[in-house]
Each structure stands twice: as C-alpha cells, then as structure tokens.
file entry-v4.tsv (TSV, C-alpha atoms)
chain	number	residue	atom	x	y	z
A	5	MET	CA	97.35	172.11	30.82
A	6	ALA	CA	94.93	169.35	29.81
A	7	LEU	CA	93.47	167.27	32.61
A	8	THR	CA	92.82	163.54	32.64
A	9	ALA	CA	90.50	162.82	35.57
A	10	LYS	CA	89.13	159.47	36.69
A	11	LEU	CA	86.58	158.22	39.18
A	12	HIS	CA	85.82	154.60	40.07
A	13	ILE	CA	83.10	153.57	42.54
A	14	GLU	CA	81.87	150.11	43.53
A	15	THR	CA	79.17	149.23	46.07
A	16	ALA	CA	77.95	146.09	47.84
A	17	LEU	CA	75.24	145.18	50.32
A	18	GLN	CA	76.24	144.71	53.97
A	19	ASN	CA	73.59	144.09	56.64
A	20	GLU	CA	70.95	145.22	54.08
A	21	ARG	CA	72.68	148.59	53.65
A	22	THR	CA	74.61	149.85	50.64
A	23	VAL	CA	78.27	150.55	51.35
A	24	LEU	CA	81.28	151.56	49.27
A	25	THR	CA	83.60	148.63	48.69
A	26	LYS	CA	85.94	150.43	46.32
A	27	SER	CA	86.51	154.08	45.56
A	28	PHE	CA	89.27	155.72	43.58
A	29	CYS	CA	89.55	159.17	42.11
A	30	THR	CA	92.23	161.44	40.74
A	31	ALA	CA	92.52	165.21	41.01
A	32	PRO	CA	90.44	167.32	40.92
A	33	PHE	CA	87.81	164.87	42.20
A	34	LYS	CA	86.94	163.93	45.75
A	35	ILE	CA	83.93	162.02	47.06
A	36	ALA	CA	82.09	162.22	50.36
A	37	ASN	CA	79.39	160.12	51.97
A	38	ILE	CA	76.52	162.57	52.63
A	39	THR	CA	73.94	160.00	53.74
A	40	GLU	CA	72.14	161.67	56.65
A	41	ASP	CA	70.13	158.64	57.78
A	42	LYS	CA	72.71	155.88	58.16
A	43	GLN	CA	69.91	153.33	58.54
A	44	GLN	CA	68.34	153.98	55.13
A	45	ASP	CA	69.09	151.55	52.33
A	46	ARG	CA	70.22	154.21	49.82
A	47	LEU	CA	73.82	155.39	49.89
A	48	GLN	CA	74.23	159.06	48.93
A	49	ILE	CA	77.62	160.12	47.59
A	50	MET	CA	78.70	163.68	46.73
A	51	LEU	CA	81.14	164.13	43.86
A	52	MET	CA	83.25	167.22	44.54
A	53	SER	CA	85.76	168.96	42.29
A	54	SER	CA	88.46	171.53	43.04
A	55	SER	CA	88.50	172.60	39.38
A	56	PRO	CA	86.54	175.71	38.30
A	57	GLY	CA	85.23	173.78	35.29
A	58	ILE	CA	86.18	171.79	32.20
A	59	LEU	CA	89.00	173.15	30.03
A	60	ASP	CA	90.26	172.50	26.51
A	61	ASP	CA	91.50	168.91	25.94
A	62	ASP	CA	90.24	167.70	29.33
A	63	GLU	CA	89.10	164.09	29.46
A	64	ILE	CA	86.95	162.75	32.29
A	65	THR	CA	86.17	159.07	32.87
A	66	LEU	CA	83.63	157.95	35.48
A	67	GLN	CA	83.13	154.26	36.28
A	68	ILE	CA	80.28	153.26	38.60
A	69	HIS	CA	79.39	149.69	39.59
A	70	VAL	CA	76.28	149.23	41.73
A	71	GLY	CA	76.17	145.80	43.33
A	72	GLU	CA	73.23	143.42	43.57
A	73	ARG	CA	70.24	144.94	45.46
A	74	CYS	CA	72.28	148.08	46.24
A	75	SER	CA	70.82	151.60	46.05
A	76	LEU	CA	73.12	154.48	45.14
A	77	GLU	CA	72.50	158.18	44.57
A	78	LEU	CA	75.35	160.23	43.13
A	79	GLN	CA	75.13	164.00	43.55
A	80	THR	CA	77.31	166.83	42.29
A	81	GLN	CA	78.56	169.87	44.15
A	82	SER	CA	78.00	172.71	41.70
A	83	TYR	CA	77.27	173.77	38.14
A	84	GLN	CA	79.65	172.36	35.54
A	85	ARG	CA	81.22	175.14	33.47
A	86	LEU	CA	82.61	174.47	30.02
A	87	PHE	CA	85.27	177.07	29.30
A	88	GLN	CA	86.39	178.48	25.94
A	89	MET	CA	88.11	175.81	23.84
A	90	ASN	CA	89.91	175.16	20.57
A	91	ASN	CA	89.92	171.36	20.39
A	92	GLY	CA	87.18	170.41	22.84
A	93	ALA	CA	86.77	168.29	25.96
A	94	ARG	CA	85.32	164.83	26.53
A	95	GLN	CA	83.51	162.95	29.29
A	96	PHE	CA	82.85	159.21	29.46
A	97	LEU	CA	80.51	157.76	32.06
A	98	ASN	CA	79.94	154.00	32.43
A	99	VAL	CA	77.38	152.63	34.87
A	100	ASP	CA	76.83	148.94	35.60
A	101	LEU	CA	73.75	147.98	37.66
A	102	LYS	CA	73.42	144.44	38.95
A	103	ALA	CA	70.15	142.61	39.67
A	104	GLY	CA	67.82	144.55	41.96
A	105	ALA	CA	70.14	147.57	42.06
A	106	SER	CA	68.98	151.17	41.75
A	107	PHE	CA	70.88	154.29	40.72
A	108	VAL	CA	69.90	157.97	40.84
A	109	TYR	CA	72.00	160.63	39.10
A	110	ILE	CA	70.85	164.20	38.46
A	111	PRO	CA	73.98	166.35	38.10
A	112	HIS	CA	73.98	170.14	38.28
A	113	PRO	CA	73.34	171.95	34.98
A	114	MET	CA	75.99	172.34	32.29
A	115	VAL	CA	76.96	175.95	31.48
A	116	PRO	CA	78.81	176.20	28.14
A	117	HIS	CA	80.90	179.36	27.75
A	118	ARG	CA	81.59	181.08	24.43
A	119	ASN	CA	83.36	178.82	21.89
A	120	SER	CA	83.26	175.73	24.11
A	121	VAL	CA	83.22	172.27	22.50
A	122	PHE	CA	82.08	169.31	24.58
A	123	VAL	CA	81.11	165.68	24.04
A	124	SER	CA	79.66	163.46	26.77
A	125	LYS	CA	79.08	159.74	26.24
A	126	SER	CA	77.23	157.70	28.86
A	127	LYS	CA	76.68	153.96	28.80
A	128	ILE	CA	74.34	152.38	31.36
A	129	VAL	CA	73.95	148.61	31.62
A	130	LEU	CA	70.99	147.28	33.61
A	131	GLU	CA	69.55	143.91	34.56
A	132	GLN	CA	65.80	143.37	34.12
A	133	THR	CA	65.23	144.06	37.84
A	134	SER	CA	67.47	147.16	38.02
A	135	SER	CA	65.99	150.66	38.33
A	136	LEU	CA	67.27	153.99	37.11
A	137	ILE	CA	66.62	157.71	37.50
A	138	TRP	CA	68.89	159.68	35.17
A	139	GLY	CA	68.63	163.43	34.57
A	140	GLU	CA	70.39	166.19	32.66
A	141	VAL	CA	70.02	169.98	32.45
A	142	MET	CA	71.55	172.09	29.69
A	143	SER	CA	71.72	175.90	29.77
A	144	CYS	CA	72.19	178.40	26.95
A	145	GLY	CA	75.42	179.69	28.50
A	146	ARG	CA	76.25	182.68	30.68
A	147	ARG	CA	73.13	184.67	29.96
A	148	LEU	CA	74.07	187.57	32.26
A	149	ASN	CA	77.32	187.92	30.29
A	150	GLY	CA	75.42	188.09	27.04
A	151	GLU	CA	76.58	184.60	26.03
A	152	ILE	CA	73.33	183.04	24.82
A	153	PHE	CA	74.01	180.06	22.56
A	154	GLU	CA	77.53	181.24	21.78
A	155	PHE	CA	79.17	177.88	22.42
A	156	SER	CA	80.50	176.04	19.36
A	157	SER	CA	79.22	172.51	19.95
A	158	PHE	CA	77.59	170.46	22.69
A	159	GLN	CA	76.75	166.78	22.38
A	160	SER	CA	75.43	164.36	24.99
A	161	ILE	CA	74.90	160.71	24.07
A	162	THR	CA	73.21	158.34	26.51
A	163	GLU	CA	72.90	154.62	25.74
A	164	ILE	CA	70.97	152.25	27.99
A	165	PHE	CA	71.39	148.49	27.70
A	166	PHE	CA	69.60	145.51	29.17
A	167	SER	CA	72.56	143.13	29.35
A	168	GLU	CA	73.99	143.50	25.81
A	169	LYS	CA	70.84	144.79	24.11
A	170	LEU	CA	70.54	148.51	23.41
A	171	VAL	CA	67.05	149.61	24.48
A	172	VAL	CA	67.25	153.42	24.75
A	173	LYS	CA	69.50	155.93	23.01
A	174	GLU	CA	69.39	159.68	23.60
A	175	ASN	CA	71.51	161.97	21.43
A	176	ILE	CA	71.44	165.71	22.09
A	177	LEU	CA	73.49	167.70	19.58
A	178	MET	CA	73.53	171.50	19.59
A	179	ARG	CA	75.64	173.59	17.20
A	180	PRO	CA	74.33	177.16	17.27
A	181	GLY	CA	76.55	178.20	14.35
A	182	GLU	CA	74.85	175.64	12.09
A	183	THR	CA	71.28	175.55	13.43
A	184	ASP	CA	68.91	178.29	14.57
A	185	LEU	CA	68.04	176.98	18.03
A	186	ASN	CA	65.10	179.40	18.28
A	187	SER	CA	63.38	178.01	15.19
A	188	ILE	CA	60.33	175.74	15.05
A	189	GLY	CA	61.26	172.20	16.00
A	190	GLN	CA	64.23	173.43	18.04
A	191	LEU	CA	64.00	175.29	21.37
A	192	GLU	CA	61.56	177.88	19.98
A	193	ASN	CA	62.89	180.80	22.07
A	194	TYR	CA	63.34	178.79	25.27
A	195	THR	CA	66.88	179.01	26.65
A	196	HIS	CA	67.20	175.88	28.80
A	197	GLN	CA	66.30	172.24	28.40
A	198	ALA	CA	66.26	169.16	30.62
A	199	SER	CA	65.44	165.50	30.39
A	200	LEU	CA	64.90	162.66	32.86
A	201	ILE	CA	64.80	158.93	32.20
A	202	PHE	CA	63.05	156.58	34.62
A	203	ILE	CA	63.19	152.78	34.34
A	204	ASN	CA	61.67	150.48	36.94
A	205	LYS	CA	60.00	147.18	36.07
A	206	SER	CA	58.09	147.00	39.37
A	207	GLU	CA	56.30	150.35	38.89
A	208	ASP	CA	52.98	151.11	37.21
A	209	ILE	CA	54.38	153.43	34.54
A	210	ASN	CA	51.01	154.80	33.45
A	211	SER	CA	50.31	155.85	37.04
A	212	ARG	CA	53.77	157.38	37.39
A	213	ILE	CA	53.28	159.34	34.15
A	214	GLU	CA	50.01	160.74	35.47
A	215	ASP	CA	51.76	161.79	38.70
A	216	ILE	CA	54.50	163.62	36.83
A	217	ILE	CA	52.09	165.34	34.42
A	218	SER	CA	50.04	166.57	37.39
A	219	LEU	CA	53.18	167.94	39.02
A	220	LEU	CA	54.40	169.70	35.88
A	221	GLN	CA	51.02	171.21	35.01
A	222	GLU	CA	51.34	173.34	38.14
A	223	GLN	CA	54.58	174.95	36.93
A	224	GLU	CA	54.85	178.26	35.10
A	225	ASN	CA	57.04	179.27	32.14
A	226	ILE	CA	57.87	175.76	30.99
A	227	GLN	CA	56.87	173.34	28.26
A	228	PHE	CA	57.04	169.61	28.87
A	229	GLY	CA	56.38	166.22	27.41
A	230	VAL	CA	56.21	162.80	29.07
A	231	SER	CA	56.47	159.61	27.00
A	232	ARG	CA	56.70	155.88	27.61
A	233	LEU	CA	59.95	154.21	26.69
A	234	PRO	CA	60.14	150.98	24.65
A	235	VAL	CA	61.10	149.33	27.94
A	236	HIS	CA	59.28	149.61	31.29
A	237	GLY	CA	59.90	153.28	31.88
A	238	MET	CA	59.40	156.85	30.72
A	239	ILE	CA	61.24	159.95	29.60
A	240	VAL	CA	60.43	163.51	30.65
A	241	ARG	CA	61.52	166.49	28.55
A	242	LEU	CA	61.43	170.09	29.75
A	243	LEU	CA	61.97	173.50	28.19
A	244	GLY	CA	62.29	176.63	30.30
A	245	PHE	CA	64.10	179.89	30.94
A	246	GLY	CA	66.19	179.05	33.99
A	247	ALA	CA	68.62	176.28	34.89
A	248	GLU	CA	67.75	176.40	38.58
A	249	GLN	CA	64.03	175.93	37.92
A	250	LEU	CA	64.60	172.89	35.69
A	251	PHE	CA	67.19	171.41	38.07
A	252	ASP	CA	64.77	171.76	41.00
A	253	LEU	CA	62.01	170.19	38.91
A	254	LEU	CA	64.16	167.16	38.08
A	255	LYS	CA	64.97	166.69	41.77
A	256	ASN	CA	61.29	167.01	42.63
A	257	ILE	CA	60.35	164.46	39.96
A	258	SER	CA	63.05	162.13	41.28
A	259	SER	CA	61.64	162.44	44.80
A	260	VAL	CA	58.14	161.62	43.57
A	261	LEU	CA	59.40	158.58	41.66
A	262	SER	CA	61.49	157.39	44.64
A	263	LEU	CA	58.82	158.06	47.25
A	264	ARG	CA	57.18	154.65	47.15
A	265	LYS	CA	60.43	152.82	47.86
A	266	THR	CA	62.34	155.12	50.18
A	267	LYS	CA	59.40	156.67	52.10
A	268	GLU	CA	61.15	160.02	51.91
A	269	LYS	CA	59.37	163.33	51.55
A	270	PRO	CA	59.56	164.82	48.06
A	271	TYR	CA	61.92	167.73	47.47
A	272	VAL	CA	60.19	171.11	47.41
A	273	ALA	CA	61.87	173.99	45.55
call {"tool": "encode", "arguments": {"input": "entry-v4.tsv", "output": "structure tokens"}}
result
Amino acid sequence: MALTAKLHIETALQNERTVLTKSFCTAPFKIANITEDKQQDRLQIMLMSSSPGILDDDEITLQIHVGERCSLELQTQSYQRLFQMNNGARQFLNVDLKAGASFVYIPHPMVPHRNSVFVSKSKIVLEQTSSLIWGEVMSCGRRLNGEIFEFSSFQSITEIFFSEKLVVKENILMRPGETDLNSIGQLENYTHQASLIFINKSEDINSRIEDIISLLQEQENIQFGVSRLPVHGMIVRLLGFGAEQLFDLLKNISSVLSLRKTKEKPYVA
C-alpha cells in the first residue's frame, strides 16, 4: 500500500534559545528533541521512522521553517532504503530560513535496492544572513547482496534561493541501465558519492576551503573536490567505497564548519 507521509516543523527564538513552536507529522514519522545541552543555541531534532524504507508509489513531503536567528539541526535515525519498485517513489523537502537563521541537515545514506526508482526534490530559501550546511550520501546499493548499481533510476535535485532568486542548483541523475557509471567522467570505479553545501556570509570561505582540504587530504581511499559557489559558500564532493566513511566525513566537515559558532568539538569517526 502506497504511503503519503508528511512532516511540518517550525521554530522560534525564546530567551535566546531555539524552540519548536509547531510540529506535525504523520505515520511513519516521529520526531524527538535530542539536544543534550539545553543551554546551547542550536536545537537538535531527530527524525525517526517506523517504516523499513521507501516503497513503490510512496510520497514524502517535509516542510521546515526556521525562524529569525534560530539554529536548527535535523538528524535522521538510520539508512534510508529504497525498495524494489515499478512506478517509483517521490520526496519533496522545502526549507525556509529567516534572517540570521542556520540549518544543518546531513541525513543517513540512501541505499537503492534492485529496480528502485526514486526522485527527491529539495527547495531551500535563505535570506542574505542565513547559513546552511546541507549534505547527501548515495550508495551503489546492497553491495553484500551483489546489488551494485542495479537500481533503475535515482535523481536528487537541490535548488537554493536567496529570496526569489535561484543561486545554486544541484542535479544528480543516475540511471545505470543507460550510463556506464564506472566510465571516465562518471564514478570511475568508485561505488559511493557524497556532497556537502556550505553557505555562510559571515565566514572567510577561502580559509574554510583550506581547512576542509587539509582534513580530506588525510583520508584514504577517497577522491574529493572543493569549489566556491557563486554565492558566499562552497561545495564539497566526495567519491569513495563505503557509505559509512563518507557519512562520517560529512559529519566531521560539518563539525569543523560549525566549530567557530557553536564552540563544540568536531566529530571524530
């Protein structure tokens, strides 16, 4: 049976701390406040799901509104499995960041099973003083089951707007039946890929790029690239052989980029 799942979150600032002012979700979703230090300015929310994964004809809609000067980090509970499909499944994620707001979202890796078809469309609207850390990890499938690039189609579209102006668009489209993903210009025998977008007008982007390059140069069995965006930010791209390694790297990068503001220790894999 097809599932139509929805999540709606809104935050506001109370006594200089970010709090939930509105939260609504339908099955199979639940959310939990996992903020350990209740005095910190960032609110950390865990998105949990009782479903084993995404099935054929499922449609997921996530709406997130981060209020002025609020800081929100949304985490996921586990890997997102895309099961065998005929028609495909869809996910729509809309994020609205008000002035001075910050949002961090690095979900667990996607694992597409054989013959899965999936489209994800994300729209993020920022103000000039908003900040964003946005990550994504894509695996080749269930490698231990022999399902390496046996999904039918995977597409992830991310659009970032300043007010109504489109400033960044990322479009990942993988169709193994039509394109040799191991060829030159594709994944070139790597099995996993990841990307992270960082936007923050108050940061020295050149310095941040140097920090991330230094961190990634210490890693083994990956290829990476770090580029400036047309706005005040950067994008990091990674290729590797394991979802867990790339997921840990994105969390580590996020910690490094957040360190100056939150004074937290960076994550160590």
call {"tool": "closest_residue", "arguments": {"input": "entry-v4.tsv", "among": "A:Ser231, A:Ser187, A:Ser218, A:Ser156", "to": "Val260 (chain A)", "atoms": "only C-alpha atoms"}}
result
A:Ser218
call {"tool": "atom_distance", "arguments": {"input": "entry-v4.tsv", "atom1": "CA of Leu261 (chain A)", "atom2": "CA of Glu20 (chain A)"}}
result
21.6 Å
call {"tool": "atom_distance", "arguments": {"input": "entry-v4.tsv", "atom1": "CA of Ile161 (chain A)", "atom2": "CA of Asp215 (chain A)"}}
result
27.4 Å
call {"tool": "atom_distance", "arguments": {"input": "entry-v4.tsv", "atom1": "CA of Val240 (chain A)", "atom2": "CA of Gly104 (chain A)"}}
result
23.3 Å
call {"tool": "closest_residue", "arguments": {"input": "entry-v4.tsv", "among": "A:Leu243, A:Val108, A:Met178, A:Ile188", "to": "Ser258 (chain A)", "atoms": "all atoms listed in the file"}}
result
A:Val108
call {"tool": "residues_around", "arguments": {"input": "entry-v4.tsv", "residues": "Tyr83 (chain A)", "least_positions_apart": "3", "cutoff": "8 Å", "atoms": "all atoms listed in the file", "output": "PyMOL selection string"}}
result
chain A and resi 112-115
call {"tool": "residues_near_point", "arguments": {"input": "entry-v4.tsv", "point": "(80.0, 149.1, 46.8)", "cutoff": "8 Å", "atoms": "all atoms listed in the file", "output": "ChimeraX atom specification"}}
result
/A:13-17,22-26,69-71,74
call {"tool": "write_last_selection", "arguments": {"input": "entry-v4.tsv", "atoms": "C-alpha atoms", "output": "mmCIF file, in the frame of the given file"}}
result
data_model
loop_
_atom_site.group_PDB
_atom_site.id
_atom_site.type_symbol
_atom_site.label_atom_id
_atom_site.label_comp_id
_atom_site.auth_asym_id
_atom_site.auth_seq_id
_atom_site.Cartn_x
_atom_site.Cartn_y
_atom_site.Cartn_z
ATOM 1 C CA ILE A 13 83.100 153.570 42.540
ATOM 2 C CA GLU A 14 81.870 150.110 43.530
ATOM 3 C CA THR A 15 79.170 149.230 46.070
ATOM 4 C CA ALA A 16 77.950 146.090 47.840
ATOM 5 C CA LEU A 17 75.240 145.180 50.320
ATOM 6 C CA THR A 22 74.610 149.850 50.640
ATOM 7 C CA VAL A 23 78.270 150.550 51.350
ATOM 8 C CA LEU A 24 81.280 151.560 49.270
ATOM 9 C CA THR A 25 83.600 148.630 48.690
ATOM 10 C CA LYS A 26 85.940 150.430 46.320
ATOM 11 C CA HIS A 69 79.390 149.690 39.590
ATOM 12 C CA VAL A 70 76.280 149.230 41.730
ATOM 13 C CA GLY A 71 76.170 145.800 43.330
ATOM 14 C CA CYS A 74 72.280 148.080 46.240
#
call {"tool": "closest_residue", "arguments": {"input": "entry-v4.tsv", "among": "A:Ser157, A:Ser211, A:Gly244, A:Ile239", "to": "Glu182 (chain A)", "atoms": "all atoms listed in the file"}}
result
A:Ser157
call {"tool": "closest_residue", "arguments": {"input": "entry-v4.tsv", "among": "A:Ser120, A:Gln95, A:Gln79, A:Gln132", "to": "Ile203 (chain A)", "atoms": "only C-alpha atoms"}}
result
A:Gln132
call {"tool": "residues_around", "arguments": {"input": "entry-v4.tsv", "residues": "Ser135 (chain A)", "least_positions_apart": "4", "cutoff": "7 Å", "atoms": "all atoms listed in the file", "output": "MDAnalysis selection string"}}
result
chainID A and resid 105:107 203:204
call {"tool": "closest_residue", "arguments": {"input": "entry-v4.tsv", "among": "A:Ile209, A:Leu11, A:Leu86, A:Ile110", "to": "Met52 (chain A)", "atoms": "only C-alpha atoms"}}
result
A:Leu11
